[in-house]
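Trainee: I have a structure I would like to understand better, so I am pasting it below and will then ask my questions one at a time.
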Amino acid sequence: MKFGRPMILACALSLASVSAASAASSAASGSVALALAGVVAPYSSLPIAQKKAVAALFNGDSKVAHAKAITVTADKIACRASNVDITSRSCELTFGPRTRSIKGRAANEIFATEALAGVPSDGAAGTIYESLTKLSCALDPKVIKQNGGGGADCTFQPGN
């Protein structure tokens, strides 16, 4: 049984590295970042002019009049969908002290966009979960207008 302790140590180190990796920040850029900002911005506390600019960019209008950079942030986004009650899908979006509850199609759009951005899913008792924290998306309309694939970048932490 000389291999018992080294094997336990190897397994423990492997699990620790997986935990550290899942706690690390993730990033999205280009069209995925624009999509993530686009589905979150309508519920955020951005000024109306910035919300309209993000909506226009996300809708394919790269010639928006808004010239300044736009930052879309969320403290936490937690989505769930049921694989038993297939009509059930919802998201909770937290912006500082304010939380917005979203259901149905809009929640599905956020859920799917999180998956597109690489947010891992988790499941239990007939429910699939996806969540992220510390979302920060930077959009630069001037760069997006150049149609070179740049101008949209997001960072976030998966889970919690």
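Every chain in the structure tokens takes a letter, A first, then B, and so on in the order presented; its residues are numbered from 1, and the ligands are numbered from 1 following the presented order.
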Find the spatial neighbours of Thr155 of chain A, counting only C-alpha atoms, within a cut-off of 9 Å - ignore same-chain residues fewer than 2 positions away - and output them as a PyMOL selection string.
Mentor: chain A and resi 25-29+33+134-138+153+157
Trainee: What's around Ser62 of chain A at 8 Å? Count only C-alpha atoms, leave out sequence neighbours fewer than 3 positions away in its own chain, and write the answer as a count of residues only.
Mentor: 6
Trainee: Using only C-alpha atoms for the distances, tell me which of A:Val119, A:Arg100, A:Asp140, A:Ile128 is nearest to Tyr43 of chain A.
Mentor: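 Of A:Val119, A:Arg100, A:Asp140, A:Ile128, the one nearest Tyr43 of chain A, counting only C-alpha atoms, is A:Arg100.
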Trainee: Skip Thr87 of chain A itself and residues of its chain fewer than 3 positions away, then list as a PDB file with C-alpha atoms, in the first residue's frame all residues within 12 Å of it, counting only C-alpha atoms.
Mentor:
ATOM      1  CA  ARG A  80     -32.249  28.463 -13.840  1.00  0.00           C
ATOM      2  CA  ALA A  81     -34.257  26.289 -16.178  1.00  0.00           C
ATOM      3  CA  SER A  82     -36.163  23.138 -15.362  1.00  0.00           C
ATOM      4  CA  ASN A  83     -35.731  19.952 -17.339  1.00  0.00           C
ATOM      5  CA  VAL A  84     -38.902  18.587 -15.688  1.00  0.00           C
ATOM      6  CA  SER A  90     -35.928  32.458 -14.769  1.00  0.00           C
ATOM      7  CA  LYS A 103     -38.871  34.977 -16.602  1.00  0.00           C
ATOM      8  CA  GLY A 104     -39.741  33.309 -19.879  1.00  0.00           C
ATOM      9  CA  ARG A 105     -38.176  34.281 -23.190  1.00  0.00           C
ATOM     10  CA  ALA A 107     -34.612  34.730 -19.118  1.00  0.00           C
ATOM     11  CA  ASN A 108     -33.928  32.142 -21.808  1.00  0.00           C
ATOM     12  CA  THR A 127     -33.062  22.195 -12.460  1.00  0.00           C
TER      13      THR A 127
END
Trainee: Choose the residue, out of A:Gly126, A:Gly148, A:Val40, A:Ala53, that has the smallest atom-to-atom separation from Glu92 of chain A; count only C-alpha atoms.
Mentor: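 That would be A:Val40, the residue with the smallest distance to Glu92 of chain A.
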Trainee: Name all residues at most 12 Å from Ser121 of chain A (count only C-alpha atoms; drop same-chain ones fewer than 2 positions away) and give them as a PyMOL selection string.
Mentor: chain A and resi 22+78-81+111-112+114-119+123-124+127-132+158-160
Trainee: Separation of atom CA of Thr71 of chain A and atom CA of Cys154 of chain A, in Å?
Mentor: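 Taking atom CA of Thr71 of chain A and atom CA of Cys154 of chain A, their separation equals 9.3 Å.
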Trainee: To one decimal in Å, tell me the separation between atom CA of Gln146 of chain A and atom CA of Ala49 of chain A.
Mentor: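 Distance reported for this atom pair: 21.0 Å.
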Trainee: Please provide as a ChimeraX atom specification all residues within 10 Å of Val143 of chain A, with the sequence filter that same-chain residues fewer than 5 positions apart are discarded (counting only C-alpha atoms).
Mentor: /A:62,67,69,148-152
Trainee: Could you save those same residues with all heavy atoms as a compact mmCIF listing (two decimals), in the first residue's frame?
Mentor:
# COMPACT_ATOMS: atom_id res chain seq x y z
N SER A 62 -24.24 49.32 -36.37
CA SER A 62 -22.92 49.75 -35.87
C SER A 62 -22.70 51.24 -36.03
O SER A 62 -21.70 51.77 -35.58
CB SER A 62 -21.80 48.98 -36.59
OG SER A 62 -21.82 49.26 -37.97
N ALA A 67 -20.96 58.29 -29.00
CA ALA A 67 -19.52 58.29 -29.28
C ALA A 67 -18.67 57.78 -28.12
O ALA A 67 -17.55 57.35 -28.32
CB ALA A 67 -19.08 59.70 -29.66
N ALA A 69 -17.47 55.47 -24.76
CA ALA A 69 -17.48 54.06 -24.34
C ALA A 69 -18.61 53.83 -23.34
O ALA A 69 -18.99 54.73 -22.59
CB ALA A 69 -16.14 53.70 -23.73
N GLY A 148 -14.21 45.56 -37.41
CA GLY A 148 -13.01 44.71 -37.39
C GLY A 148 -13.08 43.61 -36.34
O GLY A 148 -12.09 42.93 -36.10
N GLY A 149 -14.22 43.46 -35.69
CA GLY A 149 -14.37 42.41 -34.68
C GLY A 149 -14.04 42.85 -33.28
O GLY A 149 -14.16 42.07 -32.34
N GLY A 150 -13.61 44.09 -33.10
CA GLY A 150 -13.24 44.57 -31.77
C GLY A 150 -14.25 45.54 -31.21
O GLY A 150 -15.28 45.85 -31.81
N GLY A 151 -13.94 46.03 -30.02
CA GLY A 151 -14.75 47.05 -29.38
C GLY A 151 -15.70 46.55 -28.31
O GLY A 151 -16.42 47.33 -27.71
N ALA A 152 -15.70 45.23 -28.07
CA ALA A 152 -16.57 44.67 -27.03
C ALA A 152 -15.79 43.64 -26.24
O ALA A 152 -15.28 42.67 -26.82
CB ALA A 152 -17.81 44.04 -27.64
Trainee: Between atom CA of Cys91 of chain A and atom CA of Val54 of chain A, measure the distance and give it in Å to one decimal.
Mentor: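 So the two atoms, atom CA of Cys91 of chain A and atom CA of Val54 of chain A, lie 20.3 Å apart.
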Trainee: Counting only C-alpha atoms, which of A:Ala74, A:Val64, A:Ala55, A:Ala24 gets nearest to Gly38 of chain A?
Mentor: A:Ala55
